[in-house]
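**Q** Here it is: the structure, laid out below.
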Amino acid sequence: MFFSTSLTANSGITSNFLMYVATKGAIEQSVRVLAKEFGSCDITVNCIAPGPIDTELFRNGKPEQLIKAFEDMHPAKRLGRPEEVAALVAFLATDEASWVN
């Protein structure tokens, strides 16, 4: 299981995010290759890009107006919760997710 970011698909990224999106882009390509490499061995390889998650670290140093802007970008009009990401990771580790790469 790998983690990426929705920022890899955003063309409005500023230069201070260069290394972050470059490494996440590399992760996404690696996952595509590894999924093909190990698929015939019944090994799944996945990458999720959960978006902004409501944690202390995410909120640290961000004005409430910026947090609200992130919330407004999502259809549910809120930040994701850590337990939602954990549930997805847990599912992808089960046999029921054997078709998901």
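Residue numbering restarts at 1 for every chain of the structure tokens, chains are lettered A, B, ... in their displayed order, and ligands are numbered from 1 as they appear.
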Excluding A:Gly80 and residues on its chain fewer than 3 positions from it, collect all residues at most 7 Å away from it, counting only C-alpha atoms, and give them as a PDB file with C-alpha atoms, in the first residue's frame.

**A**
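Result written to result_5.pdb:
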```
ATOM      1  CA  PRO A  52      -6.834  16.631   3.003  1.00  0.00           C
ATOM      2  CA  ILE A  53      -7.339  14.680   6.230  1.00  0.00           C
ATOM      3  CA  ASP A  54      -8.441  16.394   9.410  1.00  0.00           C
ATOM      4  CA  GLU A  84     -12.027   6.753   6.781  1.00  0.00           C
TER       5      GLU A  84
END
```

**Q** I need the alpha helix (DSSP H) residues of chain A per DSSP on the backbone, written as a VMD selection string.

**A** chain A and resid 18 to 38 56 to 59 64 to 73 82 to 92

**Q** Would you list, as a list of chain:residue names, the residues of chain A that end up in strand (DSSP E or B) under DSSP run on this structure's backbone?

**A**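 DSSP on the backbone gives strand (DSSP E or B) at A:Phe2, A:Phe3, A:Cys47, A:Ile48, A:Ile53, A:Gly80.
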
**Q** So which residues touch A:Asn101 within 10 Å, counting only C-alpha atoms, skipping near sequence neighbours fewer than 4 positions away, as a PyMOL selection string?

**A** chain A and resi 31-32+34-36+39+43-47+92+97

**Q** In Å, with one decimal, what is the gap from atom CA of A:Phe91 to atom CA of A:Tyr20?

**A**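 The value is 26.6 Å.
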
**Q** May I ask which of the residues A:Thr23, A:Ser40, A:Thr5, A:Thr55 is the closest one to A:Ser98, counting only C-alpha atoms?

**A**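 Checking each candidate against A:Ser98, we get A:Ser40 as the closest.
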
**Q** Need to verify the contact set: A:Ala26, 10 Å, only C-alpha atoms, exclusion of same-chain residues closer than 4 positions in sequence. Can you return it as a list in words?

**A**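 Contacts, with the query itself left out: Ser4, Thr8, Val21, Ala22, Ser30 and Val31 of chain A.
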
**Q** Convert the current residue selection to file output with C-alpha atoms, as a compact mmCIF listing (two decimals), in the first residue's frame.

**A**
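Below is the file part16.txt, written as the result:
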```
# COMPACT_ATOMS: atom_id res chain seq x y z
CA SER A 4 0.07 9.69 -2.99
CA THR A 8 -0.06 15.14 -8.83
CA VAL A 21 4.67 16.06 -6.08
CA ALA A 22 7.73 14.63 -7.86
CA SER A 30 5.94 2.55 -9.43
CA VAL A 31 2.59 1.23 -8.26
```

**Q** Just the number, please: distance in Å from atom CA of A:Ala86 to atom CA of A:Met1, one decimal.

**A**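 According to the coordinates, atom CA of A:Ala86 and atom CA of A:Met1 are separated by 11.5 Å.
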
**Q** When you look at A:Val85 with a cut-off of 10 Å (counting only C-alpha atoms), what residues show up, excluding the ones that are within fewer than 2 positions of it in the same chain? I need them as a list in words.

**A** Ile48, Ala49, Pro50, Gly51, Ile53, Gly80, Arg81, Pro82, Glu83, Ala87, Leu88, Val89, Ala90 and Phe91 of chain A
